[in-house]
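Engineer: Structure file my_file39.txt, compact mmCIF, C-alpha atoms, is pasted below:
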# COMPACT_ATOMS: atom_id res chain seq x y z
CA MET A 1 14.77 -0.43 -18.76
CA ALA A 2 11.78 -1.60 -16.77
CA THR A 3 8.27 -2.62 -17.78
CA CYS A 4 5.05 -1.29 -16.27
CA PRO A 5 3.07 -4.26 -14.94
CA GLU A 6 -0.20 -2.47 -15.70
CA CYS A 7 0.22 -1.46 -19.37
CA ASP A 8 3.53 -3.15 -20.36
CA ALA A 9 5.07 0.19 -21.34
CA GLU A 10 8.86 0.29 -21.39
CA MET A 11 10.18 2.76 -18.82
CA GLU A 12 13.66 4.21 -18.67
CA VAL A 13 14.73 3.58 -15.06
CA ASP A 14 18.39 3.60 -14.03
CA GLU A 15 19.05 0.98 -11.35
CA PHE A 16 21.59 3.33 -9.74
CA ASP A 17 19.00 6.11 -9.36
CA VAL A 18 16.38 4.05 -7.48
CA ASP A 19 16.21 1.88 -4.36
CA LYS A 20 13.85 -0.91 -3.40
CA GLY A 21 10.61 0.57 -2.11
CA ASP A 22 10.86 3.75 -4.19
CA GLN A 23 7.64 4.74 -5.90
CA LEU A 24 7.34 5.86 -9.51
CA SER A 25 4.53 6.80 -11.83
CA CYS A 26 4.13 5.22 -15.26
CA PRO A 27 4.28 7.94 -17.92
CA GLU A 28 1.92 5.97 -20.18
CA CYS A 29 -0.96 4.88 -17.90
CA GLY A 30 -0.26 6.90 -14.72
CA SER A 31 -0.20 3.86 -12.42
CA ASN A 32 1.66 4.21 -9.13
CA LEU A 33 4.50 1.70 -9.17
CA GLU A 34 6.94 0.45 -6.55
CA VAL A 35 10.50 -0.73 -7.19
CA VAL A 36 10.55 -4.35 -5.97
CA GLY A 37 13.85 -5.49 -7.49
CA LEU A 38 17.15 -4.11 -8.68
CA SER A 39 19.55 -5.31 -11.38
CA PRO A 40 17.41 -5.56 -13.39
CA VAL A 41 14.88 -3.05 -12.10
CA GLU A 42 11.53 -4.75 -11.42
CA LEU A 43 8.32 -2.83 -10.84
CA ASP A 44 5.01 -3.83 -9.27
CA LEU A 45 1.81 -1.91 -8.58
CA ALA A 46 2.24 0.18 -5.44
CA PRO A 47 -0.20 -0.43 -2.60
CA ASP A 48 -2.88 2.25 -2.39
CA GLU A 49 -2.08 4.07 0.86
CA ASP A 50 -5.55 5.65 1.16
CA ASP A 51 -7.31 2.27 1.20
CA ASP A 52 -4.92 0.85 3.81
CA ASP A 53 -5.43 3.81 6.14
CA ASP A 54 -9.23 3.63 5.88
CA ASP A 55 -9.29 -0.11 6.60
CA ASP A 56 -7.06 0.28 9.66
CA ASP A 57 -9.22 3.07 11.08
CA VAL A 58 -12.40 1.02 10.73
CA GLU A 59 -10.83 -2.07 12.29
CA ASP A 60 -9.40 -0.07 15.19
CA GLY A 61 -12.74 1.63 15.78
CA GLU A 62 -14.59 -1.68 15.79
CA GLU A 63 -12.17 -3.17 18.30
CA GLU A 64 -12.54 -0.17 20.58
CA ASP A 65 -16.34 -0.34 20.37
CA ALA A 66 -16.27 -4.04 21.29
CA ALA A 67 -14.05 -3.30 24.29
CA ASP A 68 -16.44 -0.55 25.42
CA ASP A 69 -19.40 -2.94 25.13
CA ASP A 70 -17.63 -5.50 27.34
CA GLU A 71 -17.06 -2.88 30.04
CA VAL A 72 -20.74 -1.87 29.96
CA GLU A 73 -21.83 -5.51 30.27
CA LYS A 74 -19.54 -6.01 33.27
CA ASP A 75 -20.98 -2.95 34.99
CA GLU A 76 -24.54 -4.18 34.42
CA ASP A 77 -23.69 -7.61 35.85
CA GLU A 78 -22.43 -6.14 39.12
Let me see the file written as structure tokens.

Structural biologist:
Amino acid sequence: MATCPECDAEMEVDEFDVDKGDQLSCPECGSNLEVVGLSPVELDLAPDEDDDDDDDDVEDGEEEDAADDDEVEKDEDE
């Protein structure tokens, strides 16, 4: 048995059927959960992959823009 950290619902999860890092969905509240411990099975809210991808894209784009600006400034100085 495991407990959903979001709604405290009891979930039937066999420790031999899951591995650390596996993702499950709570049948009561629908939260995406990640197995963070075995024997006993422990669950935590799974990171939202969509938010992580969006943040990385913005940060990468900003860094690239800053690098482009530096090159333009160097050209103007010469």

Engineer: Measuring atom to atom with all atoms listed in the file, identify which of A:Asp22, A:Leu33, A:Pro40, A:Asp17 is nearest to Met1 (chain A).

Structural biologist: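 For Met1 (chain A), the nearest of the given residues is A:Pro40.
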
Engineer: Go ahead and compute the interatomic distance for CA of Asp48 (chain A) and CA of Asn32 (chain A), in Å to one decimal.

Structural biologist: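 Atom-to-atom, CA of Asp48 (chain A) and CA of Asn32 (chain A) are spaced 8.4 Å apart.
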
Engineer: Have a look at CA of Val35 (chain A) and CA of Glu49 (chain A) and let me know their distance in Å, one decimal.

Structural biologist: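 Interatomic distance, CA of Val35 (chain A) to CA of Glu49 (chain A): 15.7 Å.
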
Engineer: Point out the residue among A:Ala2, A:Leu38, A:Asp44, A:Asp8 with the least atom-to-atom distance to Gln23 (chain A), counting only C-alpha atoms.

Structural biologist: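 Looking at the shortest contact to Gln23 (chain A), the residue is A:Asp44.
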
Engineer: Using all atoms listed in the file, which protein or nucleic acid residues come within 12 Å of Leu43 (chain A)? Drop anything in the same chain fewer than 3 positions from it, and give the result as an NGL selection string.

Structural biologist: :A and (1-13 or 15 or 18-26 or 31-40 or 46)

Engineer: With all atoms of region 8-12 of chain A from the file as input, state the centre and edge lengths in Å to one decimal of the axis-aligned box that has 5 Å extra on each side, as AutoDock Vina command-line options.

Structural biologist:
--center_x 8.6 --center_y 0.5 --center_z -20.0 --size_x 20.1 --size_y 17.4 --size_z 12.7

Engineer: Give me region 3-16 of chain A with N, CA and C atoms filled in, as a compact mmCIF listing (two decimals), in the coordinates of the input.

Structural biologist:
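Generated output (result25.txt):
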# COMPACT_ATOMS: atom_id res chain seq x y z
N THR A 3 9.57 -2.51 -17.13
CA THR A 3 8.27 -2.62 -17.78
C THR A 3 7.17 -2.37 -16.76
N CYS A 4 6.21 -1.55 -17.13
CA CYS A 4 5.05 -1.29 -16.27
C CYS A 4 4.18 -2.55 -16.23
N PRO A 5 3.90 -3.05 -15.03
CA PRO A 5 3.07 -4.26 -14.94
C PRO A 5 1.60 -4.03 -15.31
N GLU A 6 1.19 -2.79 -15.38
CA GLU A 6 -0.20 -2.47 -15.70
C GLU A 6 -0.43 -2.39 -17.21
N CYS A 7 0.45 -1.68 -17.94
CA CYS A 7 0.22 -1.46 -19.37
C CYS A 7 1.35 -1.98 -20.25
N ASP A 8 2.38 -2.59 -19.66
CA ASP A 8 3.53 -3.15 -20.36
C ASP A 8 4.37 -2.11 -21.10
N ALA A 9 4.25 -0.85 -20.73
CA ALA A 9 5.07 0.19 -21.34
C ALA A 9 6.51 0.05 -20.86
N GLU A 10 7.44 0.29 -21.75
CA GLU A 10 8.86 0.29 -21.39
C GLU A 10 9.18 1.63 -20.73
N MET A 11 9.82 1.55 -19.56
CA MET A 11 10.18 2.76 -18.82
C MET A 11 11.69 2.82 -18.65
N GLU A 12 12.23 3.99 -18.85
CA GLU A 12 13.66 4.21 -18.67
C GLU A 12 13.92 4.47 -17.18
N VAL A 13 14.43 3.46 -16.49
CA VAL A 13 14.73 3.58 -15.06
C VAL A 13 16.15 3.09 -14.84
N ASP A 14 17.00 3.95 -14.31
CA ASP A 14 18.39 3.60 -14.03
C ASP A 14 18.47 2.93 -12.66
N GLU A 15 18.99 1.72 -12.61
CA GLU A 15 19.05 0.98 -11.35
C GLU A 15 19.90 1.69 -10.29
N PHE A 16 20.75 2.60 -10.70
CA PHE A 16 21.59 3.33 -9.74
C PHE A 16 20.88 4.57 -9.19
